[in-house]
Each structure stands twice: as structure tokens, then as C-alpha cells.
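To start, the structure itself, in C-alpha cells.
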Amino acid sequence: MVTLKSTSTIFPSKPTPGGILQLSESDQRMQWTHASLICIYKTTSDNNEKTTTLETLKDSLSRALVPYYPLAGRLRWIHGGRLELHCNAKGAQLLEAYSEAKLDELGDFAPTKAVEDLVPKVDYGSPIEDWPLMLVQVTRFSCGGLCVGTAMSHTVVDGWSAAKFFNAWTKLARGDELEANEMPFHDRTILRSSEPLLPPRFEHIEFTKPPLLLGHTDAKEQQMKETCDTILKVTKEQVEGLRKKANEIPHQDMEMVVTRPYSRYEVVASHLWRCICKARASDNSQPTRVSVAVDIRSRLNPSLPAGYFGNATLLTVTSTCVHGDLLSKPLSYAAGKLREAIERMTDEYVRSALDFIAGQEDVSTLRGGFHIRAYTKTPNFLGNPNVSIGSWINLPFYDMDYGWGKPIYIGPGLLNDDGKSFIMSSPTADGSLLIALRLQTEYMDSFKKIFYESI
């Protein structure tokens with residue numbers, strides 16, 4: 001049980017640029033809800049330090065919102081299901097909360113109802129102009145532990161941008177100053193399409209509807225099924241075992257050309273995909289595909305500026321394959337499908353995808369399917385028979401030290417739908433990985449058994 005004690009609006013500590021900040025096409029494609037993150041700290045402190053902690057967070061957040069001023073603004077709907085960002089310094093929201101529970105009672109911090117309560121709530125029933133783009137909830141536990149739960153507008157930031165902001169905020173909280181090379185780059189027009197608009201140069205399958213379960217004409221029945229969350233732990237030895245398995249190309253597949261060994265993400269994601277499909281136990285001819293968000297910063301020519309602040313990720317999907325092939329062929333088959341999808345994202349392909357988005361009269365149908373069901377339809381439901389596998393492996397979240405030490409766990413505070421997962425680094429930094437996954441409840445036990453038995 002979490003009790004809210006206070007709510008504050010945190011404004012930038014100095015005047016910031018005003019007016020409209022043009023959003024890019026990759027911003028427009030993102031869901032308009034907030035992405036959640038929980039950062040758990042094992043800290044012990046007395047009452048004086050509790051007061052100091054909160055004041056330090058407020059003061060440093062106020063200072064962080066000066067260079068990161070878009071997060072203090074507000075969104076507004078415009079034509080064609082698009083949004084624009086008003087830099088009006090209306091501020092971020094910071095909530096103080098208390099829980100009678102102890103950290104140990106939250107187990108592995110899988111995004112269950114108890115963990116969702118650690119993330120600040122947004123009133124999506126109110127006008128979008130009223131929504132803070134950045135909300136923070138500081139929850140102190142009876143054991144002295146602390147959770148900094150955040151909700152950030154996904155229209156405004158992706159994972160890398162969020163990590164950059166958090167590391168700037170924590171640096172200020174520790175009493176340090178930001179260097180010139182740590183400042184964000186805010187001109188998102190460098191990701192906008194040229195005028196006049198060029199037609200797309202590729203067949204953009206990532207914008208087509210995902211496969212449905214055989215015998216179904218829509219995903220409504222699947223969307224309504226009960227789902228649950230889990231955190232899977234994969235040791236360094238298990239990761240290396242999967243890499244060895246995926247990189248051993250069987251004799252009959254010698255025509256496969258693998259230019260470099262499959263990465264940790266590729267092998268763990270392909271293993272995850274196969275095990276989910278096996279647990280769902282569909283017909284061998286059941287089509288399935290994986291959605292992956294790809295960071296395009298270094299894939300463009302020239303690359304985006306190092307401090308680019310915004311969404312610099314685009315969705316890619318595997319070419320559709322069927323359960324029978326996925327499960328009967330070696331792990332390298334699934335890993336190859338993933339690599340093909342990721343390597344598709346060249347400069348030319350990305351520019352074409354941005355032009356495709358720009359050419360849509362209404363971008364609403366292109367947005368990912370993980371919204372809050374009560375407030376929106378989900379035309380692109382990504383669950384059964386499909387999977388979405390994000391990677392947080394390289395995001396520098398574990399550097400987030402506000403002055404009381406590094407976090408003991410960082411992960412999503414909410415997973416909205418069936419088949420959504422994130423592969424994350426472990427706090428132990430020993431080469432092991434964590435996987436946060438939401439799956440239809442009827443398949444979860446079977447999936448876990450398959451996942452570990454075949455690893």
C-alpha cells in the first residue's frame with residue numbers, strides 16, 4: 001500500500017526558450033502515453049536526511065529542466081493525429097510517497113500491481129495540454145529503501161534520451177555541474193523529411209498489420225485475455241551457451257553467410273521468441289513476427305549529434321515466418337531473421353521510412369499497439385501470435401546515482417500487453433541479463449519451463 005504525502009510542480013530554475021518545438025516523424029510514430037521506469041535504492045537514513053533527499057531532488061530537477069526544457073512543456077493535438085510540443089515551462093510533477101512495505105516484499109520487481117503503484121499516474125481522461133511530460137514519484141519504504149519511479153512522455157523521448165536526462169539530473173543532484181559536451185541537442189528538424197516529399201523507396205513491412213491467429217479476423221479476443229508479468233534471469237554462462245548454439249551453423253545450412261557472431265541480444269531474443277511460440281502451441285503454419293525498436297543515431301549518414309534529444313528509434317519487424325520453421329530449424333534461423341530485420345535499417349531505408357510517415361494523412365494507425373486500453377483502440381496489437389522485444393542492454397541506467405549510491409535494480413514499472421518484453425543488463429554487471437516479460441497467463445508457466453529447459 002502506497003500513501004501519497006505531497007505533490008509539487010517543479011519549474012525550470014531559470015528562464016528557458018519558449019514557443020513550439022517541431023517534432024520529428026519518429027516522435028510522431030511513438031505512442032502518446034508515458035514510458036515508466038523504476039529505480040530502486042537500498043538506503044538507510046534518518047528523518048533529517050529524508051527531508052534533505054527530497055529537497056535535493058527538487059532543486060536538482062529544477063536545474064536539470066533548464067537544459068532539458070522540452071520536458072517542462074506540454075503537447076497539443078494538431079492535424080492528422082499528430083502532436084506539437086509547446087515549450088511553455090509549465091513544469092514537471094514530483095510526488096512524495098510512503099510505503100509500509102519493505103523492499104524485500106517486492107521480490108524481483110516484476111511490474112506487478114504493487115510495482116505499478118511506484119510509478120506516478122497520468123490522468124489520460126484530461127486534455128493532453130494538461131499532462132506533465134515528466135512525472136516523478138519518490139517512494140520511501142519502511143526499511144529505509146527508496147524508489148524513484150518516473151513516467152516520461154514517449155512522444156518526447158526514447159530510451160537513450162531518457163538515460164541522458166537521468167544521468168544529467170543525478171550529476172546535478174550529487175553537486176556536480178554539467179559540461180558543455182553533456183548538453184542536449186534540441187533541433188529535431190534534422191530528422192524531418194525533405195521538401196518536396198519523396199515517395200518511399202522500399203516496401204515498409206513494419207507499417208503493415210501484424211499476423212493474426214489463424215481462424216481469426218481481428219485481435220479483440222486475444223487483447224481481452226488475462227496477462228501477467230515475470231522477470232527472467234539469464235546467467236552469463238547461459239547467454240554464452242545460447243551464443244555458441246546460434247553461431248554453430250549446421251552443415252545443411254552452410255549456404256547461410258554469417259559475417260560476424262550473433263550478439264547477446266540476437267541470441268537471447270531469438271530464444272525468447274521461439275519459447276513463446278512453443279508455449280502458445282499454435283498450428284505449425286501459424287505466421288509470427290517480432291517487432292524491434294532500432295536506434296538510428298549512428299545508422300544515419302551523417303550520424304545524429306551525440307546529444308540528440310528526442311526519439312531516434314524506428315520500428316523494424318522480422319519478415320513473417322511460421323511456427324513450424326521457427327521451432328524445427330536451429331536457433332541460428334531465428335537469430336538470422338532478427339539480424340535481417342535490424343540490418344535493414346540503413347540510412348537510405350530510414351530516410352524512406354521517415355518519408356512514409358510524413359506522407360500519411362493520419363499517423364494514428366502507425367503507432368505501436370501498447371496503449372492504455374481504456375483510452376484508445378489498438379489497431380496494431382503486437383501480442384499473440386507476435387512478440388515485441390526491446391533492448392535496454394546498452395542503456396547507461398545503472399550510473400544513476402543521486403548521491404546515495406547506485407541503484408540495485410532498474411526496470412519498467414509497467415508492461416501493458418501480451419508479448420511485450422525488454423532485455424536488460426543485470427545490476428551485478430557480471431554479464432548476466434534480465435528479461436521483463438508480459439504474457440497471457442494461460443501460457444506463462446509452460447513458457448518458463450520451456451525457456452529454462454532448452455537454454
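Convention: chains lettered A, B, ... in C-alpha cells order; per-chain residue numbering from 1; ligands numbered from 1 as shown.
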Quiz prompt | Surrounding residues of Glu105 in chain A excluding itself and chain neighbours under 3 positions, 12 Å, only C-alpha atoms, as a PyMOL selection string | solution = chain A and resi 1+99-102+108-110+114-115+141-143+145
Mind dumping the selected residues with all heavy atoms as a CSV table (one decimal), in the first residue's frame?
chain,number,residue,atom,x,y,z
A,1,MET,N,0.9,-1.2,0.0
A,1,MET,CA,0.0,0.0,0.0
A,1,MET,C,0.9,1.2,0.0
A,1,MET,O,1.7,1.4,0.9
A,1,MET,CB,-0.9,0.0,1.2
A,1,MET,CG,-1.8,1.2,1.4
A,1,MET,SD,-3.1,1.2,0.1
A,1,MET,CE,-3.9,2.7,0.6
A,99,SER,N,5.6,3.9,1.7
A,99,SER,CA,5.0,2.5,1.8
A,99,SER,C,5.4,1.8,3.0
A,99,SER,O,6.6,1.9,3.5
A,99,SER,CB,5.5,1.7,0.6
A,99,SER,OG,5.1,0.4,0.7
A,100,GLU,N,4.4,1.2,3.7
A,100,GLU,CA,4.7,0.4,4.9
A,100,GLU,C,5.5,-0.9,4.6
A,100,GLU,O,6.0,-1.5,5.4
A,100,GLU,CB,3.4,0.0,5.6
A,100,GLU,CG,2.6,1.2,6.2
A,100,GLU,CD,3.3,1.7,7.5
A,100,GLU,OE1,4.2,1.0,7.9
A,100,GLU,OE2,2.8,2.7,7.9
A,101,ALA,N,5.5,-1.2,3.3
A,101,ALA,CA,6.2,-2.4,2.9
A,101,ALA,C,7.7,-2.3,3.0
A,101,ALA,O,8.3,-1.2,3.1
A,101,ALA,CB,5.8,-2.8,1.5
A,102,LYS,N,8.4,-3.4,2.9
A,102,LYS,CA,9.9,-3.5,2.8
A,102,LYS,C,10.2,-3.9,1.4
A,102,LYS,O,9.5,-4.5,0.7
A,102,LYS,CB,10.5,-4.5,3.8
A,102,LYS,CG,10.3,-4.1,5.2
A,102,LYS,CD,10.9,-5.2,6.1
A,102,LYS,CE,10.9,-4.8,7.6
A,102,LYS,NZ,9.5,-4.5,8.1
A,108,ASP,N,11.3,-9.8,-7.1
A,108,ASP,CA,12.3,-9.5,-8.2
A,108,ASP,C,11.9,-8.2,-9.0
A,108,ASP,O,12.5,-7.9,-10.0
A,108,ASP,CB,12.4,-10.6,-9.2
A,108,ASP,CG,11.1,-11.0,-9.8
A,108,ASP,OD1,10.1,-10.3,-9.6
A,108,ASP,OD2,11.0,-12.1,-10.5
A,109,PHE,N,10.9,-7.4,-8.4
A,109,PHE,CA,10.5,-6.2,-9.0
A,109,PHE,C,9.8,-6.3,-10.4
A,109,PHE,O,9.8,-5.4,-11.2
A,109,PHE,CB,11.6,-5.1,-9.1
A,109,PHE,CG,12.3,-4.9,-7.8
A,109,PHE,CD1,13.6,-5.4,-7.6
A,109,PHE,CD2,11.7,-4.3,-6.8
A,109,PHE,CE1,14.3,-5.2,-6.4
A,109,PHE,CE2,12.3,-4.1,-5.5
A,109,PHE,CZ,13.6,-4.5,-5.3
A,110,ALA,N,9.3,-7.5,-10.7
A,110,ALA,CA,8.5,-7.6,-11.9
A,110,ALA,C,7.3,-6.6,-11.8
A,110,ALA,O,6.8,-6.3,-10.7
A,110,ALA,CB,7.9,-9.1,-12.0
A,114,ALA,N,1.7,-4.1,-7.4
A,114,ALA,CA,2.5,-3.4,-6.3
A,114,ALA,C,3.6,-2.5,-6.9
A,114,ALA,O,3.8,-1.4,-6.4
A,114,ALA,CB,3.1,-4.4,-5.4
A,115,VAL,N,4.2,-2.9,-7.9
A,115,VAL,CA,5.3,-2.1,-8.6
A,115,VAL,C,4.7,-1.0,-9.4
A,115,VAL,O,5.2,0.1,-9.4
A,115,VAL,CB,6.2,-3.0,-9.5
A,115,VAL,CG1,7.1,-2.2,-10.4
A,115,VAL,CG2,7.0,-4.0,-8.6
A,141,PHE,N,10.4,3.4,1.6
A,141,PHE,CA,9.9,2.2,2.3
A,141,PHE,C,10.2,2.1,3.7
A,141,PHE,O,11.1,2.8,4.2
A,141,PHE,CB,10.4,0.9,1.6
A,141,PHE,CG,10.0,0.8,0.1
A,141,PHE,CD1,10.6,1.4,-0.9
A,141,PHE,CD2,8.9,0.0,-0.1
A,141,PHE,CE1,10.1,1.3,-2.2
A,141,PHE,CE2,8.4,-0.2,-1.4
A,141,PHE,CZ,9.0,0.5,-2.5
A,142,SER,N,9.5,1.3,4.5
A,142,SER,CA,9.7,1.2,5.9
A,142,SER,C,11.1,0.8,6.3
A,142,SER,O,11.6,1.1,7.4
A,142,SER,CB,8.6,0.3,6.6
A,142,SER,OG,8.8,-1.0,6.0
A,143,CYS,N,11.8,0.0,5.4
A,143,CYS,CA,13.1,-0.5,5.7
A,143,CYS,C,14.2,0.6,5.4
A,143,CYS,O,15.4,0.3,5.6
A,143,CYS,CB,13.4,-1.7,4.8
A,143,CYS,SG,13.2,-1.4,3.0
A,145,GLY,N,14.6,1.8,2.3
A,145,GLY,CA,14.8,1.7,0.9
A,145,GLY,C,14.0,2.8,0.1
A,145,GLY,O,13.1,3.4,0.7
Practice problem: Please provide the set of residues having any atom within 9 Å of range 320-336 of chain A, restricted to only C-alpha atoms, with same-chain residues fewer than 3 positions apart removed, written as a PyMOL selection string. | Solution: chain A and resi 210-211+242+245-250+256+258+262+266-271+273-275+277-278+281-290+317+339-341
Quiz item: Hey, what's within 10 Å of Phe165 in chain A if we count only C-alpha atoms and toss same-chain stuff fewer than 6 positions away? As an MDAnalysis selection string, please?
Solution: chainID A and resid 61 64:65 67:68 71 157 159 171 182:184 309
Go ahead and dump the residues you just picked, N, CA and C atoms, as a JSON list (two decimals), in the first residue's frame.
[["chain", "number", "residue", "atom", "x", "y", "z"],
["A", 61, "LEU", "N", 16.28, 18.70, -9.98],
["A", 61, "LEU", "CA", 15.35, 18.53, -11.11],
["A", 61, "LEU", "C", 15.04, 19.89, -11.72],
["A", 64, "ALA", "N", 17.96, 20.74, -13.79],
["A", 64, "ALA", "CA", 18.07, 19.88, -14.97],
["A", 64, "ALA", "C", 17.08, 20.29, -16.06],
["A", 65, "LEU", "N", 15.94, 20.86, -15.64],
["A", 65, "LEU", "CA", 14.91, 21.27, -16.61],
["A", 65, "LEU", "C", 15.30, 22.53, -17.39],
["A", 67, "PRO", "N", 18.51, 22.96, -19.17],
["A", 67, "PRO", "CA", 18.96, 22.47, -20.48],
["A", 67, "PRO", "C", 17.96, 21.51, -21.13],
["A", 68, "TYR", "N", 17.19, 20.80, -20.32],
["A", 68, "TYR", "CA", 16.21, 19.84, -20.85],
["A", 68, "TYR", "C", 14.79, 20.43, -20.79],
["A", 71, "LEU", "N", 11.03, 18.98, -21.52],
["A", 71, "LEU", "CA", 10.32, 18.13, -20.55],
["A", 71, "LEU", "C", 9.42, 18.94, -19.62],
["A", 157, "VAL", "N", 10.59, 11.52, -25.73],
["A", 157, "VAL", "CA", 11.90, 10.87, -25.55],
["A", 157, "VAL", "C", 11.86, 9.38, -25.84],
["A", 159, "GLY", "N", 14.59, 5.75, -25.12],
["A", 159, "GLY", "CA", 15.41, 5.25, -24.02],
["A", 159, "GLY", "C", 16.73, 5.97, -23.86],
["A", 171, "LYS", "N", 23.74, 13.80, -11.81],
["A", 171, "LYS", "CA", 25.01, 14.51, -11.65],
["A", 171, "LYS", "C", 24.80, 15.82, -10.90],
["A", 182, "GLU", "N", 27.93, 17.72, -22.46],
["A", 182, "GLU", "CA", 26.81, 16.95, -21.92],
["A", 182, "GLU", "C", 25.47, 17.62, -22.21],
["A", 183, "MET", "N", 25.50, 18.74, -22.90],
["A", 183, "MET", "CA", 24.26, 19.47, -23.17],
["A", 183, "MET", "C", 23.46, 18.79, -24.30],
["A", 184, "PRO", "N", 22.13, 18.78, -24.17],
["A", 184, "PRO", "CA", 21.30, 18.15, -25.20],
["A", 184, "PRO", "C", 21.20, 18.99, -26.46],
["A", 309, "PHE", "N", 18.31, 14.93, -28.53],
["A", 309, "PHE", "CA", 17.30, 14.67, -27.51],
["A", 309, "PHE", "C", 15.94, 14.54, -28.20]]
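Rounded to one decimal, CA of Glu55 in chain A and CA of Arg74 in chain A lie 24.6 Å from each other.
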Using only C-alpha atoms, find each residue of range 108-195 of chain A with at least one atom at most 9 Å away from an atom of range 354-360 of chain A; report its shortest atom-to-atom pair and that distance in Å (one decimal), sort the rows by chain and rising residue number, and return the result as CSV.
residue,atom,partner,partner_atom,distance
A:Leu191,CA,A:Leu354,CA,7.9
A:Arg192,CA,A:Leu354,CA,7.3
A:Ser193,CA,A:Asp355,CA,5.7
A:Ser194,CA,A:Asp355,CA,8.1
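Among the candidates A:Lys225, A:Lys406, A:Arg264, A:His79, the residue lying nearest to Asp418 in chain A is A:Lys225 (atoms considered: only C-alpha atoms).
Around Lys5 in chain A, within 9 Å and counting only C-alpha atoms, the residues found are A:Thr3, A:Thr7, A:Leu95, A:Glu96, A:Ala97, A:Tyr98, once anything fewer than 2 positions away on its own chain is removed.
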Quiz item: With distances taken over only C-alpha atoms, which of A:Asn394, A:Thr208, A:Ser36, A:Ser62 is nearest to Gln137 in chain A?
Solution: A:Ser36
